[in-house]
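Everything below belongs to coords-v4.txt, which stores compact mmCIF, C-alpha atoms.
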```txt
# COMPACT_ATOMS: atom_id res chain seq x y z
CA MET A 1 17.14 3.75 11.13
CA LYS A 2 15.11 2.80 14.18
CA PRO A 3 11.95 4.42 15.45
CA ALA A 4 12.02 6.55 18.58
CA PRO A 5 10.46 4.81 21.61
CA PHE A 6 6.68 4.58 21.72
CA ARG A 7 4.07 2.64 23.63
CA TYR A 8 2.19 -0.03 21.69
CA VAL A 9 -1.52 -0.58 22.32
CA ARG A 10 -3.31 -3.41 20.58
CA ALA A 11 -7.03 -2.81 20.17
CA GLU A 12 -9.34 -5.81 19.84
CA THR A 13 -12.51 -3.79 19.14
CA THR A 14 -13.36 -0.46 17.52
CA ASP A 15 -14.42 0.88 20.92
CA GLU A 16 -11.05 0.01 22.42
CA ALA A 17 -9.27 1.73 19.55
CA VAL A 18 -11.38 4.89 19.83
CA ASP A 19 -10.96 4.93 23.62
CA ALA A 20 -7.19 4.70 23.30
CA LEU A 21 -7.08 7.40 20.61
CA THR A 22 -9.29 9.70 22.68
CA ARG A 23 -7.21 9.13 25.79
CA GLU A 24 -3.90 9.83 24.05
CA GLY A 25 -5.14 12.63 21.75
CA ASP A 26 -2.54 14.18 19.46
CA ASP A 27 0.20 11.93 20.81
CA ALA A 28 -1.33 8.79 19.26
CA LYS A 29 -1.16 7.38 15.75
CA VAL A 30 -3.25 4.59 14.28
CA LEU A 31 -1.22 1.60 13.09
CA ALA A 32 -2.98 -0.31 10.31
CA GLY A 33 -0.92 -1.59 7.35
CA GLY A 34 2.01 0.58 8.35
CA GLN A 35 3.38 0.88 4.83
CA SER A 36 3.56 4.69 5.08
CA LEU A 37 3.58 5.19 8.84
CA VAL A 38 6.42 2.79 9.71
CA PRO A 39 8.87 4.26 7.14
CA ALA A 40 8.09 7.68 8.64
CA LEU A 41 8.69 6.25 12.14
CA ASN A 42 11.94 4.60 11.06
CA MET A 43 13.17 7.88 9.60
CA ARG A 44 11.88 9.65 12.71
CA LEU A 45 9.82 12.03 10.62
CA VAL A 46 7.06 11.34 13.15
CA ARG A 47 7.51 10.47 16.82
CA PRO A 48 4.13 9.59 18.33
CA GLY A 49 4.11 8.55 21.97
CA VAL A 50 1.59 5.79 21.34
CA LEU A 51 0.69 3.50 18.45
CA VAL A 52 -2.83 2.08 18.46
CA ASP A 53 -2.78 -1.14 16.41
CA VAL A 54 -6.15 -1.84 14.77
CA ASN A 55 -5.03 -4.84 12.72
CA ARG A 56 -6.84 -7.33 14.94
CA VAL A 57 -10.15 -5.49 15.11
CA GLY A 58 -12.27 -8.07 13.30
CA GLU A 59 -15.29 -5.80 12.80
CA LEU A 60 -13.24 -3.48 10.55
CA SER A 61 -12.32 -6.11 7.96
CA GLY A 62 -15.50 -6.07 5.88
CA VAL A 63 -16.18 -5.20 2.25
CA ALA A 64 -19.89 -4.79 1.50
CA ARG A 65 -22.18 -3.42 -1.18
CA GLU A 66 -24.34 -0.76 0.30
CA ASN A 67 -26.68 1.70 -1.52
CA GLY A 68 -24.76 1.54 -4.78
CA SER A 69 -21.36 1.83 -3.10
CA LEU A 70 -18.62 -0.50 -2.00
CA ALA A 71 -18.05 0.02 1.74
CA VAL A 72 -14.48 -0.87 2.69
CA GLY A 73 -13.48 -1.42 6.34
CA ALA A 74 -10.38 0.04 7.95
CA THR A 75 -8.24 -3.11 7.88
CA VAL A 76 -8.99 -4.22 4.31
CA ARG A 77 -5.67 -4.64 2.48
CA GLN A 78 -5.01 -3.11 -0.90
CA ALA A 79 -4.43 -6.63 -2.24
CA ASP A 80 -7.91 -7.80 -1.19
CA ALA A 81 -9.61 -9.43 -4.19
CA ARG A 82 -13.02 -8.15 -3.05
CA LEU A 83 -11.95 -4.64 -4.10
CA LEU A 84 -11.77 -5.73 -7.74
CA ALA A 85 -15.59 -5.55 -7.82
CA HIS A 86 -15.04 -1.81 -8.23
CA PRO A 87 -13.83 -0.97 -11.78
CA LEU A 88 -11.93 2.19 -10.83
CA LEU A 89 -10.22 0.50 -7.87
CA ALA A 90 -9.30 -2.42 -10.12
CA GLU A 91 -7.70 0.09 -12.50
CA ALA A 92 -5.86 2.15 -9.89
CA LEU A 93 -4.74 -0.44 -7.31
CA PRO A 94 -1.96 -1.98 -9.44
CA HIS A 95 -0.30 1.47 -9.31
CA VAL A 96 -0.34 1.56 -5.50
CA GLY A 97 3.11 0.52 -4.26
CA HIS A 98 4.19 -3.04 -5.01
CA VAL A 99 2.72 -6.53 -4.70
CA VAL A 100 4.26 -7.07 -1.26
CA THR A 101 3.34 -3.63 0.14
CA ARG A 102 -0.26 -4.05 -1.10
CA ASN A 103 -0.41 -7.29 0.90
CA ARG A 104 -0.20 -5.21 4.03
CA GLY A 105 -1.16 -1.63 3.16
CA THR A 106 -4.81 -0.75 3.71
CA VAL A 107 -7.24 1.23 1.57
CA CYS A 108 -8.47 3.35 4.47
CA GLY A 109 -4.91 3.93 5.70
CA SER A 110 -3.93 5.38 2.34
CA VAL A 111 -6.96 7.67 2.50
CA ALA A 112 -6.22 8.76 6.08
CA HIS A 113 -2.54 9.36 5.25
CA ALA A 114 -3.66 11.84 2.53
CA ASP A 115 -0.52 11.90 0.44
CA PRO A 116 -1.41 14.17 -2.51
CA ALA A 117 0.53 11.80 -4.80
CA ALA A 118 -1.38 8.68 -3.67
CA GLU A 119 -3.83 7.03 -6.03
CA LEU A 120 -6.63 6.02 -3.68
CA PRO A 121 -7.45 9.51 -2.34
CA LEU A 122 -7.74 10.71 -5.95
CA CYS A 123 -10.18 7.90 -6.77
CA LEU A 124 -12.28 8.64 -3.68
CA VAL A 125 -12.59 12.31 -4.65
CA LEU A 126 -13.39 11.50 -8.28
CA LEU A 127 -16.17 9.11 -7.26
CA GLY A 128 -17.61 11.45 -4.66
CA GLY A 129 -17.08 8.85 -1.94
CA THR A 130 -17.16 9.31 1.81
CA VAL A 131 -15.07 8.65 4.89
CA ARG A 132 -16.75 7.31 8.02
CA ALA A 133 -14.93 8.43 11.12
CA ARG A 134 -15.69 7.29 14.63
CA GLY A 135 -14.85 9.29 17.72
CA ARG A 136 -16.06 9.27 21.26
CA GLY A 137 -19.12 11.29 20.21
CA GLY A 138 -20.20 8.75 17.59
CA THR A 139 -19.74 8.20 13.87
CA ARG A 140 -19.81 10.94 11.26
CA GLU A 141 -19.61 10.89 7.48
CA ILE A 142 -17.22 13.23 5.74
CA SER A 143 -17.42 13.68 1.97
CA ALA A 144 -14.14 13.04 0.16
CA SER A 145 -14.01 16.62 -1.11
CA ASP A 146 -14.18 17.92 2.48
CA PHE A 147 -11.90 15.23 3.92
CA PHE A 148 -8.67 16.14 2.12
CA VAL A 149 -7.46 19.52 3.37
CA SER A 150 -3.85 19.74 2.18
CA HIS A 151 -0.60 17.71 2.10
CA PHE A 152 -1.02 14.88 4.66
CA THR A 153 -3.78 16.90 6.33
CA THR A 154 -7.38 15.76 6.67
CA ALA A 155 -10.58 16.86 8.37
CA LEU A 156 -10.13 14.12 11.02
CA GLU A 157 -10.17 15.35 14.60
CA PRO A 158 -7.74 14.01 17.22
CA GLY A 159 -9.23 10.84 18.68
CA GLU A 160 -11.13 9.96 15.50
CA LEU A 161 -10.60 6.68 13.68
CA VAL A 162 -11.44 6.09 10.02
CA VAL A 163 -13.63 2.99 10.29
CA GLU A 164 -14.79 2.76 6.69
CA THR A 165 -14.60 4.44 3.30
CA THR A 166 -17.41 4.18 0.74
CA TRP A 167 -16.72 4.02 -3.00
CA PRO A 168 -19.75 4.74 -5.22
CA LEU A 169 -20.19 2.13 -7.96
CA ALA A 170 -20.86 3.71 -11.32
CA GLN A 171 -24.00 2.86 -13.25
CA ASP A 172 -23.79 0.77 -16.41
CA ASP A 173 -23.72 3.78 -18.74
CA THR A 174 -20.83 5.35 -16.84
CA GLY A 175 -17.16 4.80 -17.62
CA THR A 176 -14.14 5.57 -15.46
CA GLY A 177 -10.49 5.95 -16.40
CA PHE A 178 -7.22 6.39 -14.56
CA CYS A 179 -3.77 7.36 -15.82
CA GLU A 180 -0.51 8.21 -14.10
CA VAL A 181 3.14 8.83 -14.92
CA ALA A 182 5.70 7.72 -12.34
CA GLN A 183 9.47 7.45 -12.57
CA ARG A 184 9.47 3.77 -11.68
CA ARG A 185 6.72 1.22 -11.33
CA GLY A 186 5.19 1.44 -7.90
CA ASP A 187 6.53 4.93 -7.18
CA TYR A 188 4.27 7.76 -6.25
CA ALA A 189 2.99 9.45 -9.39
CA LEU A 190 4.66 12.55 -10.80
CA CYS A 191 1.22 13.33 -12.15
CA MET A 192 -2.07 11.44 -12.28
CA ALA A 193 -5.66 11.90 -13.33
CA GLY A 194 -8.95 10.11 -13.01
CA ALA A 195 -12.00 10.64 -15.20
CA LEU A 196 -15.65 9.68 -15.09
CA ALA A 197 -17.84 9.97 -18.18
CA ARG A 198 -21.58 9.47 -18.57
CA GLY A 199 -23.32 10.80 -21.68
CA GLU A 200 -22.34 14.45 -21.89
CA GLU A 201 -21.27 14.55 -18.25
CA LEU A 202 -17.53 14.56 -17.58
CA ARG A 203 -15.77 14.65 -14.23
CA VAL A 204 -11.98 14.95 -13.91
CA ALA A 205 -9.72 14.84 -10.87
CA VAL A 206 -5.95 15.38 -10.76
CA GLY A 207 -3.36 14.47 -8.16
CA SER A 208 0.36 14.87 -7.33
CA VAL A 209 0.60 18.35 -8.90
CA VAL A 210 -1.84 19.80 -6.35
CA ASP A 211 -1.82 19.86 -2.53
CA ARG A 212 -4.75 17.42 -2.38
CA PRO A 213 -6.74 15.41 -4.95
CA THR A 214 -8.70 18.06 -6.80
CA LEU A 215 -11.78 18.02 -9.04
CA LEU A 216 -11.45 20.29 -12.05
CA ASP A 217 -14.15 21.79 -14.19
CA VAL A 218 -12.84 20.95 -17.66
CA ASP A 219 -13.89 21.86 -21.17
CA PRO A 220 -15.28 18.58 -22.57
CA GLU A 221 -13.87 19.45 -26.00
CA ARG A 222 -10.32 20.07 -24.73
CA PRO A 223 -10.13 18.34 -21.32
CA GLY A 224 -6.34 18.01 -21.02
CA GLU A 225 -5.58 21.52 -22.19
CA SER A 226 -8.19 23.11 -19.96
CA ALA A 227 -7.06 21.04 -16.95
CA ALA A 228 -3.43 22.08 -17.48
CA ALA A 229 -4.48 25.74 -17.50
CA GLN A 230 -6.06 25.34 -14.05
CA VAL A 231 -3.17 23.91 -12.03
CA GLU A 232 0.04 25.50 -10.80
CA PRO A 233 2.50 22.62 -10.40
CA TRP A 234 5.66 23.27 -8.43
CA GLY A 235 8.84 21.95 -10.03
CA THR A 236 11.12 19.47 -8.23
CA VAL A 237 14.54 17.97 -8.92
CA HIS A 238 12.71 15.22 -10.82
CA ALA A 239 10.44 17.31 -13.00
CA SER A 240 10.14 20.98 -13.89
CA ALA A 241 6.86 22.85 -13.50
CA ALA A 242 6.55 23.10 -17.29
CA TYR A 243 7.00 19.34 -17.70
CA LEU A 244 4.44 18.62 -14.98
CA ARG A 245 1.95 20.93 -16.67
CA HIS A 246 2.55 19.01 -19.89
CA LEU A 247 1.92 15.76 -18.00
CA VAL A 248 -1.41 17.10 -16.70
CA ARG A 249 -2.58 17.53 -20.28
CA VAL A 250 -1.40 14.05 -21.26
CA VAL A 251 -2.78 12.08 -18.30
CA VAL A 252 -6.11 13.92 -18.29
CA ASP A 253 -6.64 13.29 -21.99
CA ARG A 254 -5.74 9.62 -21.58
CA ALA A 255 -7.99 9.12 -18.55
CA VAL A 256 -10.88 10.89 -20.30
CA ALA A 257 -10.44 8.81 -23.47
CA GLN A 258 -10.46 5.63 -21.37
CA ALA A 259 -13.57 6.73 -19.45
CA ARG A 260 -15.45 7.69 -22.62
CA THR A 261 -14.59 4.41 -24.34
CA ARG A 262 -15.86 2.46 -21.36
CA ALA A 263 -19.02 4.58 -21.09
CA SER A 264 -19.94 3.79 -24.68
CA THR A 265 -19.35 0.05 -24.58
CA MET B 1 8.83 -4.75 27.25
CA THR B 2 6.08 -6.98 25.94
CA GLU B 3 6.02 -10.76 26.03
CA ILE B 4 5.39 -12.39 22.65
CA ALA B 5 5.03 -15.97 21.43
CA VAL B 6 5.84 -16.36 17.78
CA THR B 7 6.42 -19.34 15.51
CA VAL B 8 9.31 -18.91 13.10
CA ASN B 9 10.07 -21.63 10.56
CA GLY B 10 8.01 -24.07 12.62
CA ARG B 11 9.70 -23.38 15.95
CA LEU B 12 7.95 -21.52 18.78
CA TYR B 13 9.86 -18.71 20.47
CA ARG B 14 8.83 -16.82 23.60
CA GLU B 15 10.62 -13.52 23.96
CA ALA B 16 10.23 -10.20 25.73
CA VAL B 17 10.62 -7.36 23.25
CA GLU B 18 10.70 -3.58 23.33
CA ASP B 19 7.63 -2.14 21.56
CA ARG B 20 9.71 -0.34 18.93
CA LEU B 21 11.79 -3.40 17.94
CA LEU B 22 11.38 -4.02 14.21
CA LEU B 23 10.50 -7.57 13.21
CA SER B 24 13.54 -7.59 10.91
CA ASP B 25 15.84 -6.80 13.85
CA PHE B 26 14.07 -9.36 16.03
CA LEU B 27 14.63 -12.10 13.45
CA ARG B 28 18.27 -11.20 12.88
CA GLY B 29 19.48 -9.96 16.24
CA ARG B 30 17.39 -11.99 18.67
CA LEU B 31 16.84 -15.24 16.78
CA GLY B 32 20.05 -15.17 14.74
CA LEU B 33 18.17 -15.71 11.49
CA THR B 34 20.41 -13.47 9.42
CA GLY B 35 19.08 -14.72 6.11
CA THR B 36 16.53 -11.92 6.30
CA HIS B 37 18.50 -8.97 5.00
CA VAL B 38 18.05 -5.36 6.01
CA GLY B 39 18.66 -2.86 3.24
CA CYS B 40 16.73 0.39 3.27
CA GLU B 41 14.59 -0.01 6.40
CA HIS B 42 11.75 1.91 4.84
CA GLY B 43 10.00 -0.64 2.68
CA VAL B 44 11.59 0.13 -0.66
CA CYS B 45 14.30 -2.48 -1.27
CA GLY B 46 12.36 -5.65 -0.43
CA ALA B 47 15.37 -7.52 1.00
CA CYS B 48 13.66 -8.11 4.38
CA THR B 49 10.51 -9.73 2.96
CA VAL B 50 9.18 -12.66 5.04
CA ARG B 51 5.91 -14.63 5.16
CA PHE B 52 3.75 -13.25 7.95
CA ASP B 53 0.80 -15.61 8.56
CA GLY B 54 1.33 -16.83 5.02
CA VAL B 55 1.41 -13.39 3.42
CA ALA B 56 4.62 -11.86 2.04
CA ALA B 57 5.37 -8.67 3.98
CA ARG B 58 8.24 -6.28 4.67
CA SER B 59 9.65 -7.23 8.07
CA CYS B 60 11.19 -3.74 8.45
CA LEU B 61 7.66 -2.31 8.40
CA LEU B 62 6.35 -4.59 11.15
CA PHE B 63 7.09 -4.56 14.84
CA ALA B 64 7.96 -7.73 16.70
CA VAL B 65 5.07 -7.07 19.11
CA GLN B 66 2.68 -7.35 16.16
CA ALA B 67 3.94 -10.88 15.53
CA ASP B 68 2.56 -12.20 18.82
CA GLY B 69 0.69 -15.39 17.88
CA ALA B 70 1.80 -15.18 14.26
CA GLU B 71 3.52 -17.73 12.10
CA ILE B 72 6.55 -16.48 10.20
CA VAL B 73 8.64 -18.09 7.49
CA THR B 74 12.04 -16.66 6.60
CA VAL B 75 14.37 -17.73 3.82
CA GLU B 76 15.91 -20.29 6.23
CA GLY B 77 12.50 -21.99 6.33
CA LEU B 78 12.26 -22.67 2.60
CA ALA B 79 14.66 -25.62 2.18
CA ARG B 80 13.63 -28.86 3.93
CA ASN B 81 16.33 -31.04 5.47
CA GLY B 82 19.01 -29.31 3.44
CA ALA B 83 17.28 -29.90 0.11
CA LEU B 84 16.76 -26.72 -1.91
CA THR B 85 13.27 -25.97 -3.20
CA PRO B 86 12.70 -26.04 -6.98
CA LEU B 87 12.71 -22.23 -6.89
CA GLN B 88 16.08 -22.13 -5.15
CA GLU B 89 17.47 -24.70 -7.60
CA ALA B 90 16.23 -22.57 -10.49
CA PHE B 91 17.96 -19.52 -9.03
CA ARG B 92 21.18 -21.52 -8.95
CA SER B 93 20.92 -22.91 -12.46
CA HIS B 94 19.94 -19.56 -14.01
CA HIS B 95 22.61 -17.59 -12.09
CA ALA B 96 19.78 -15.50 -10.67
CA LEU B 97 21.99 -14.07 -7.96
CA GLN B 98 25.44 -12.63 -7.61
CA CYS B 99 26.05 -10.89 -4.28
CA GLY B 100 22.89 -12.45 -2.84
CA PHE B 101 21.73 -9.45 -0.85
CA CYS B 102 18.31 -9.16 -2.49
CA THR B 103 17.85 -12.92 -2.93
CA PRO B 104 16.08 -13.87 0.36
CA GLY B 105 13.35 -11.26 -0.15
CA ILE B 106 12.82 -12.24 -3.78
CA LEU B 107 12.70 -15.95 -2.92
CA ILE B 108 10.06 -15.33 -0.26
CA ALA B 109 7.94 -13.04 -2.45
CA ALA B 110 8.14 -15.42 -5.42
CA ASP B 111 7.44 -18.41 -3.18
CA GLU B 112 4.27 -16.72 -1.95
CA LEU B 113 3.13 -15.90 -5.48
CA LEU B 114 3.79 -19.51 -6.55
CA SER B 115 1.83 -20.82 -3.58
CA ARG B 116 -1.15 -18.78 -4.77
CA GLY B 117 -1.04 -20.30 -8.26
CA GLY B 118 0.90 -17.47 -9.90
CA PRO B 119 2.64 -15.95 -11.70
CA THR B 120 1.01 -16.72 -15.02
CA SER B 121 3.17 -14.48 -17.19
CA ARG B 122 6.64 -12.94 -17.35
CA GLU B 123 4.89 -9.57 -17.08
CA GLU B 124 3.53 -10.59 -13.68
CA ILE B 125 7.03 -11.62 -12.56
CA VAL B 126 8.43 -8.25 -13.67
CA ASP B 127 5.65 -6.53 -11.72
CA LEU B 128 6.53 -8.54 -8.60
CA LEU B 129 10.22 -7.70 -8.97
CA SER B 130 9.50 -3.96 -9.19
CA GLY B 131 9.30 -4.15 -5.41
CA HIS B 132 12.75 -5.74 -5.03
CA LEU B 133 15.98 -3.92 -5.77
CA CYS B 134 18.77 -6.01 -7.32
CA ARG B 135 21.91 -4.20 -8.46
CA CYS B 136 23.87 -7.22 -9.77
CA THR B 137 21.88 -9.31 -12.17
CA GLY B 138 19.94 -6.94 -14.38
CA TYR B 139 16.88 -9.01 -13.31
CA THR B 140 16.63 -11.11 -16.47
CA PRO B 141 18.04 -14.30 -14.89
CA ILE B 142 15.71 -13.82 -11.91
CA VAL B 143 12.71 -13.56 -14.23
CA ASP B 144 13.95 -16.69 -16.06
CA ALA B 145 14.32 -18.65 -12.82
CA ILE B 146 10.86 -17.79 -11.52
CA ALA B 147 9.30 -18.32 -14.95
CA GLU B 148 10.80 -21.81 -15.18
CA VAL B 149 9.24 -22.90 -11.90
CA ALA B 150 5.93 -21.17 -12.65
CA GLY B 151 5.78 -22.55 -16.19
CA ALA B 152 5.14 -18.96 -17.29
```
Would you put the structure from the file into structure tokens?
Amino acid sequence: MKPAPFRYVRAETTDEAVDALTREGDDAKVLAGGQSLVPALNMRLVRPGVLVDVNRVGELSGVARENGSLAVGATVRQADARLLAHPLLAEALPHVGHVVTRNRGTVCGSVAHADPAAELPLCLVLLGGTVRARGRGGTREISASDFFVSHFTTALEPGELVVETTWPLAQDDTGTGFCEVAQRRGDYALCMAGALARGEELRVAVGSVVDRPTLLDVDPERPGESAAAQVEPWGTVHASAAYLRHLVRVVVDRAVAQARTRAST
Amino acid sequence: MTEIAVTVNGRLYREAVEDRLLLSDFLRGRLGLTGTHVGCEHGVCGACTVRFDGVAARSCLLFAVQADGAEIVTVEGLARNGALTPLQEAFRSHHALQCGFCTPGILIAADELLSRGGPTSREEIVDLLSGHLCRCTGYTPIVDAIAEVAGA
């Protein structure tokens, strides 16, 4: 498996990257960690004419605390120890791929790729985080709930580059939880859920069994059961729809229990 | 074609490469370093893992053009003057390989983890190995070999 021919453009600055993406439009793809894009290139599932490599854009490598959030730049790897300052990221990141793929894969790349079975998009939606996208017209902020449109489809316009994602840090009285079931360690989840609890407030998001990470309005007394009643999983060769619905109940209840325990300690 | 200068196992190479040439194919086909194995070519099997500027990475998910200016270590770069590293010796004494296809990637990934002070537990070794497919050993001897060197 070898990728179809493409032209490689290495950007040294954000401006250069945005210029190249604007110039090439739909025919260009951003190359960051490449842990999802390059397999798709090798299998020729995608055949962009141009790859714009942002790995050497120094200004995109930052992690900073900003207004109660962790702001994560476009080239920050999933293995970056600075991310562990965020409790939900610390919980979810070990489920993202494997040690070696996390060395290279980026947080923002996973968000931009928008796989409905990927952990980081789910966390961003649960937290109410944002995506900062830069295009020729300037930078705009897109809320996580507006960013994810459907399978591998986001609100990004051609020519826009995700420069940063922001991950709200919970207050001390807030607890978060994450739970997933996958066939093998490091695989995409068959089903996953995140929960955020603060006093009586409860927020739940599910992934994998929906076309994008989705917030659900759950009954705080029966969170798993009420979540399972709200999704319509589609069965696959690996898991029937009925089994996936069962998993929704299990992972939601586990994530909620974890979040509530952490909120009260 | 793009001109790149890349250091592999301490030796500098200058080569002109096609943009789409995978780093794994560059190492094997152009430089003749066939210790880096190519299994799945989509990042799942781990056999092609090399150190890229010190960090363990899948060479089938990198392009040779990206390696311009980089320093790469392949499995051929582990032993010095023909002397196996303690990790390689442990693989031998624990029978941690049979056909040897997965071995280069596992050696590189484990070598990186050891160089960062890990792994501190067998659990951490198992987690590392989840990214490397071995169909011969059942993994236990590999865990034993790494654990011996790590003191885990």
Subject >> Non-local contacts of Leu87 in chain B (8 Å; only C-alpha atoms; under 4 positions in same chain excluded) as a ChimeraX atom specification >> reply: /B:91,107,111,145-146,149
Under the rule of at most 6 Å, produce a per-residue listing of chain B near chain A: chain, number, name, the closest pair of atoms, and the distance in Å, as a Markdown table, using only C-alpha atoms.
```
| residue | atom | partner | partner_atom | distance |
| --- | --- | --- | --- | --- |
| B:Asp19 | CA | A:Tyr8 | CA | 5.8 |
| B:Arg20 | CA | A:Pro5 | CA | 5.9 |
| B:His42 | CA | A:Pro39 | CA | 4.4 |
| B:Ala56 | CA | A:Val100 | CA | 5.8 |
| B:Ala57 | CA | A:Val100 | CA | 5.6 |
| B:Leu61 | CA | A:Val38 | CA | 5.4 |
| B:Leu128 | CA | A:Val99 | CA | 5.8 |
| B:Gly131 | CA | A:His98 | CA | 5.2 |
```
**OP:** Tell me, in Å to one decimal, how far CA of Ala16 in chain B is from CA of Ala64 in chain B.
**Re:** 9.6 Å
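Rounded to one decimal, CA of Val57 in chain A and CA of Glu12 in chain A lie 4.8 Å from each other.
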Subject >> Expected residue set, 12 Å radius at (13.8, -24.9, -5.1), all atoms listed in the file, as JSON, numbers by chain >> reply: {"B": [75, 77, 78, 79, 80, 82, 83, 84, 85, 86, 87, 88, 89, 90, 91, 92, 93, 107, 108, 110, 111, 114, 145, 146, 148, 149, 150]}
Any chance you can output those residues with C-alpha atoms as a compact mmCIF listing (two decimals), in the coordinates of the input?
```txt
# COMPACT_ATOMS: atom_id res chain seq x y z
CA VAL B 75 14.37 -17.73 3.82
CA GLY B 77 12.50 -21.99 6.33
CA LEU B 78 12.26 -22.67 2.60
CA ALA B 79 14.66 -25.62 2.18
CA ARG B 80 13.63 -28.86 3.93
CA GLY B 82 19.01 -29.31 3.44
CA ALA B 83 17.28 -29.90 0.11
CA LEU B 84 16.76 -26.72 -1.91
CA THR B 85 13.27 -25.97 -3.20
CA PRO B 86 12.70 -26.04 -6.98
CA LEU B 87 12.71 -22.23 -6.89
CA GLN B 88 16.08 -22.13 -5.15
CA GLU B 89 17.47 -24.70 -7.60
CA ALA B 90 16.23 -22.57 -10.49
CA PHE B 91 17.96 -19.52 -9.03
CA ARG B 92 21.18 -21.52 -8.95
CA SER B 93 20.92 -22.91 -12.46
CA LEU B 107 12.70 -15.95 -2.92
CA ILE B 108 10.06 -15.33 -0.26
CA ALA B 110 8.14 -15.42 -5.42
CA ASP B 111 7.44 -18.41 -3.18
CA LEU B 114 3.79 -19.51 -6.55
CA ALA B 145 14.32 -18.65 -12.82
CA ILE B 146 10.86 -17.79 -11.52
CA GLU B 148 10.80 -21.81 -15.18
CA VAL B 149 9.24 -22.90 -11.90
CA ALA B 150 5.93 -21.17 -12.65
```
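The spacing separating CA of Gly117 in chain B from CA of Asp68 in chain B amounts to 28.5 Å.
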Original post:
At most 12 Å from (15.2, -21.4, 17.6), file frame, only C-alpha atoms: which residues, as a PyMOL selection string?
Top reply: chain B and resi 6-15+27-28+30-33+76-77
**OP:** Find the residues near range 76-89 of chain A: any atom within 7 Å, counting only C-alpha atoms, skip ones fewer than 2 places away on the same chain, and give them as a PyMOL selection string.
**Re:** chain A and resi 61-63+72-74+91-93+102-107+169+176-177
Original post:
Nearest to Ala90 in chain A among A:Arg262, A:Phe178, A:Glu141, A:Thr22, with distances taken over only C-alpha atoms: which residue is it?
Top reply: A:Phe178
Original post:
When distances are computed from only C-alpha atoms, which of A:Leu156, A:Val54, A:Ala242, A:Leu216 shows the smallest separation from His113 in chain A?
Top reply: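 That would be A:Leu156, the residue with the smallest distance to His113 in chain A.
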As a compact mmCIF listing (two decimals) with C-alpha atoms, in the frame of the given file, please: the residues near Val126 in chain B (cut-off 7 Å, only C-alpha atoms, same-chain neighbours under 4 positions excluded).
```txt
# COMPACT_ATOMS: atom_id res chain seq x y z
CA ARG B 122 6.64 -12.94 -17.35
CA SER B 130 9.50 -3.96 -9.19
CA VAL B 143 12.71 -13.56 -14.23
```
**OP:** Identify, on the basis of all atoms listed in the file, every residue whose closest approach to Thr120 in chain B does not exceed 7 Å; exclude the query and any residue fewer than 2 positions from it along the same chain; express the result as number ranges by chain.
**Re:** B: 118, 124, 152
Subject >> Selected residue, from A:Glu24, A:Asp172, A:Glu164, A:Asp146, that lies nearest to Gly199 in chain A when counting all atoms listed in the file >> reply: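 Result for the nearest residue to Gly199 in chain A: A:Asp172.
Residue nearest Thr13 in chain A within the list A:Leu122, A:Leu161, A:Val248, A:Arg132: A:Leu161 [criterion: smallest interatomic distance, only C-alpha atoms].
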